[in-house]
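J.: Before I ask anything, let me first share the structure, which is written out below as structure tokens.
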Amino acid sequence: MQIKSIECYPLRIPGHPYCGGHDTRKNTGQYGDYTTHAVYRAIYTMNAETLLVKITSDDGVVGWGETQAAITPHIVAQLVNELVAPGYLGQDPHDYAVLRDRAYDRLRDRGHDSGQYVDAISACDIALHDLLGKVHGKPVHQLLGGAYRQEIPCYVSGVPAVSVAEQADHMRRWQEQGFNRFKISLGYGVKQDIAHMEGLRRELGDEPTFLVDQHWVYDLNDSIRIGRAFEALGIGFMECPMDAEIFAQYGKLCAALDLPIALGEEFRTRYRFKERIDAGALDIAQPDIGRLGITEGMRVTTLCNAAGIPSAPHIGSGLAPYTAASLQVAAATENLFLLEFQPTQIAVSDEYFTPSIRPRAGAYHLSDLPGLGVEPIEDKIKEHRFA
Ligand SMILES: [Mg+2]
């Protein structure tokens, strides 16, 4: 069996902005086709934007992959077409790890270990796993060694609101549906962040699991100050309080606090995780399968497991193949904390993919469908293909 073709579907579906925990401070200015945030330094899209990759074998089996490509997915598509596809075409899909590693090596002297080039490789890696699952009639987790669990516990990511009271109301509605774990995006100042979480505890009591994403905005001293207050409030983890590049300071932060520190969403190789593990600079790993792919993602969770670090795979903006790939890795990961759930992204996915993988009662539920277990409604996604 050989890889016969690789087709890219850069998508821009109007509306459906990824919310995460962002509040109304998003969309404060324009940057090209994208939008800026009043506090966070990254740019964002106000649409659903992503890149799907369709790989077809010479016997007609089709696999779908996706990377996180909310910004310029057509650029990632060009990288797939010009730099990744030539190494994959004509090769056996069973050699997915070698294909991935050789693609990684090909740009070794031109920025190979992060950014959109690795995203391009990862989309193809996910598509090959979907294809192989269909070839063998098995769900991807069975190709990865099996599922440690059929139900994958998750947390609701981002409950956007302009006030604590409004956010608490949204959370009560989630609680009625069986969800009691939430991640809140803060990073608006030491006093304000602490007051916000105190307010949520007052509104909802001690039962809910609250996780906080700080979007890389603080220095070490402020991170420790907030972290001590969060410990008293029983916060489950604090994500990315500081720039991830300064991992010696993360070592100090982890040593100073009992509050678990979570990070890793932007890393695209196992090496980035190993550096932090060696420096004692993380407590919970957040590998993003849309950026790592399944092959490197499994290497990361295995590495973290050997270091006693639980994995909580990160899910940001993207559609069903990305979420489904994350679900398959989470199932096959021995030391799992929680998987992220992005309600706005599942809502778009449900319009364009079948069957729905929407979590119910606080957990995703594994299916035994072959491959990733989701299929696009191809005519509908073609309407939003651009570039
Ligand atoms: Mg984050």
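Residues in the structure tokens are named by chain (A, B, ... in the order shown) and by number from 1 within that chain; ligands are numbered from 1 in the order shown.
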Excluding region 352-367 of chain A and residues on its chain fewer than 5 positions from it, collect all residues at most 8 Å away from it, counting only C-alpha atoms, and give them as a list in words.
T.: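 Neighbouring residues, sequence-local ones excluded: Pro139, Gln150, Glu151, Ile152, Pro153, Cys154, Tyr155, Gln177, Gly178, Phe179, Asn180, Arg181, Ala320, Ala324, Leu327, Gln328, Ala331, Phe341, Ile346, Gly373, Val374, Glu375, Pro376, Ile377, Glu378, Lys380 and Ile381 of chain A.
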J.: Residues within 7 Å of ligand 1 should be enumerated using only C-alpha atoms and all ligand atoms and returned as a PyMOL selection string.
T.: chain A and resi 213+215+239-240+265
J.: Between A:Pro14, A:Pro160, A:Gly318, A:Gly290, which residue has the minimum interatomic distance to Gln116 (chain A), considering only C-alpha atoms?
T.: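 Counting only C-alpha atoms, the residue closest to Gln116 (chain A) is A:Gly290.
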J.: Compile the contact shell of Pro208 (chain A) as a list in words: residues with an atom at most 9 Å away, counting only C-alpha atoms, same-chain residues fewer than 2 positions apart removed.
T.: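 Non-adjacent residues within range: Gln175, Phe179, Asn180, Arg181, Phe182, Arg201, Leu204, Gly205, Asp206 and Phe210 of chain A.
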J.: Quote the spacing between CA of Val217 (chain A) and CA of Leu257 (chain A) in Å to one decimal place.
T.: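 Computed distance, CA of Val217 (chain A) to CA of Leu257 (chain A), equals 18.0 Å.
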J.: Residues within 12 Å of Leu79 (chain A), please, as a VMD selection string. Count only C-alpha atoms; anything in the same chain fewer than 2 positions from it doesn't count.
T.: chain A and resid 6 to 8 10 51 53 72 to 77 81 to 86 103 107 112 115 to 124
J.: Kindly save the residues from that selection, with C-alpha atoms included, as a short mmCIF file (atom, residue, chain, number, x, y, z; two decimals), in the first residue's frame.
T.:
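Full text of selection16.cif as output:
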```cif
data_model
loop_
_atom_site.label_atom_id
_atom_site.label_comp_id
_atom_site.auth_asym_id
_atom_site.auth_seq_id
_atom_site.Cartn_x
_atom_site.Cartn_y
_atom_site.Cartn_z
CA ILE A 6 -2.33 14.51 -0.33
CA GLU A 7 -4.92 17.28 -0.64
CA CYS A 8 -5.20 20.35 1.54
CA PRO A 10 -7.61 25.42 4.20
CA LEU A 51 -6.42 23.21 7.79
CA VAL A 53 -5.50 17.29 5.05
CA THR A 72 -3.20 31.60 7.85
CA PRO A 73 -4.18 27.95 7.25
CA HIS A 74 -3.43 28.46 3.53
CA ILE A 75 0.24 29.06 4.42
CA VAL A 76 0.36 25.71 6.24
CA ALA A 77 -1.27 24.12 3.20
CA ASN A 81 2.20 20.72 -0.62
CA GLU A 82 5.75 21.90 -1.26
CA LEU A 83 7.79 20.53 1.66
CA VAL A 84 5.97 17.61 3.31
CA ALA A 85 4.08 15.84 0.52
CA PRO A 86 7.17 15.02 -1.62
CA ALA A 103 10.13 15.41 7.33
CA LEU A 107 14.26 21.54 7.50
CA HIS A 112 12.35 22.71 11.86
CA GLY A 115 5.73 26.72 14.07
CA GLN A 116 3.75 26.08 10.96
CA TYR A 117 6.19 23.64 9.35
CA VAL A 118 5.74 21.17 12.19
CA ASP A 119 1.98 21.85 12.10
CA ALA A 120 2.04 20.79 8.44
CA ILE A 121 3.79 17.52 9.32
CA SER A 122 1.39 16.90 12.20
CA ALA A 123 -1.71 17.25 10.02
CA CYS A 124 -0.29 14.55 7.72
#
```
J.: In region 37-107 of chain A, what's alpha helix (DSSP H) per DSSP? Answer as a PyMOL selection string?
T.: chain A and resi 73-79+85-88+96-106
J.: Mind checking DSSP for region 40-246 of chain A and telling me the strand (DSSP E) residues as a ChimeraX atom specification?
T.: /A:48-57,62-67,151-157,181-185,209-213,237-239
J.: Please dump the current selection as a compact mmCIF listing (two decimals), in the first residue's frame; keep C-alpha atoms.
T.:
```
# COMPACT_ATOMS: atom_id res chain seq x y z
CA ALA A 48 -13.47 29.16 12.40
CA GLU A 49 -10.19 28.74 10.49
CA THR A 50 -8.27 25.52 10.16
CA LEU A 51 -6.42 23.21 7.79
CA LEU A 52 -7.71 19.75 6.94
CA VAL A 53 -5.50 17.29 5.05
CA LYS A 54 -6.93 14.40 3.04
CA ILE A 55 -4.55 11.52 2.30
CA THR A 56 -5.62 8.78 -0.12
CA SER A 57 -3.88 5.44 -0.57
CA VAL A 62 -8.98 7.99 2.69
CA GLY A 63 -7.62 9.45 5.94
CA TRP A 64 -8.33 12.95 7.28
CA GLY A 65 -5.97 14.99 9.41
CA GLU A 66 -5.99 18.47 10.85
CA THR A 67 -3.62 20.84 12.58
CA GLU A 151 -14.69 7.61 29.07
CA ILE A 152 -12.26 10.52 28.91
CA PRO A 153 -12.95 13.05 31.67
CA CYS A 154 -12.93 16.61 30.39
CA TYR A 155 -13.18 20.21 31.48
CA VAL A 156 -15.19 22.98 29.87
CA SER A 157 -12.69 25.45 28.46
CA ARG A 181 -14.79 21.24 35.71
CA PHE A 182 -14.01 24.60 34.15
CA LYS A 183 -11.00 26.49 32.84
CA ILE A 184 -11.13 30.26 33.13
CA SER A 185 -8.87 32.61 31.18
CA THR A 209 -12.84 22.03 39.73
CA PHE A 210 -11.50 25.40 38.59
CA LEU A 211 -8.44 25.62 36.36
CA VAL A 212 -6.95 28.98 35.36
CA ASP A 213 -5.12 29.95 32.17
CA PHE A 237 -3.91 24.02 38.03
CA MET A 238 -2.51 27.35 36.84
CA GLU A 239 -1.60 27.36 33.16
```
J.: Do you know which residues are at most 6 Å from region 227-233 of chain A counting only C-alpha atoms, after dropping those on the same chain fewer than 3 positions away, and could you put them as number ranges by chain?
T.: A: 223-224, 259
J.: Within 10 Å of region 299-316 of chain A, which residues of region 34-95 of chain A show up? Give each one with its shortest atom-to-atom distance in Å (one decimal) and the two atoms involved, counting only C-alpha atoms, rows by chain then rising residue number, as a tab-separated table.
T.:
```
residue	atom	partner	partner_atom	distance
A:Gln68	CA	A:Gly316	CA	7.3
A:Ala69	CA	A:Gly316	CA	9.9
A:Ala70	CA	A:Gly316	CA	9.1
```
J.: Pick out the residues sitting within 8 Å of region 36-47 of chain A, and hand them over as a PyMOL selection string; count only C-alpha atoms, and ignore anything fewer than 3 positions along from it in its own chain.
T.: chain A and resi 12-18+25-31+33+70-71+187-188+215+217
J.: Please list as a PyMOL selection string every residue within 8 Å of Leu220 (chain A), counting only C-alpha atoms and excluding residues in the same chain fewer than 5 positions away.
T.: chain A and resi 242+249-250+253
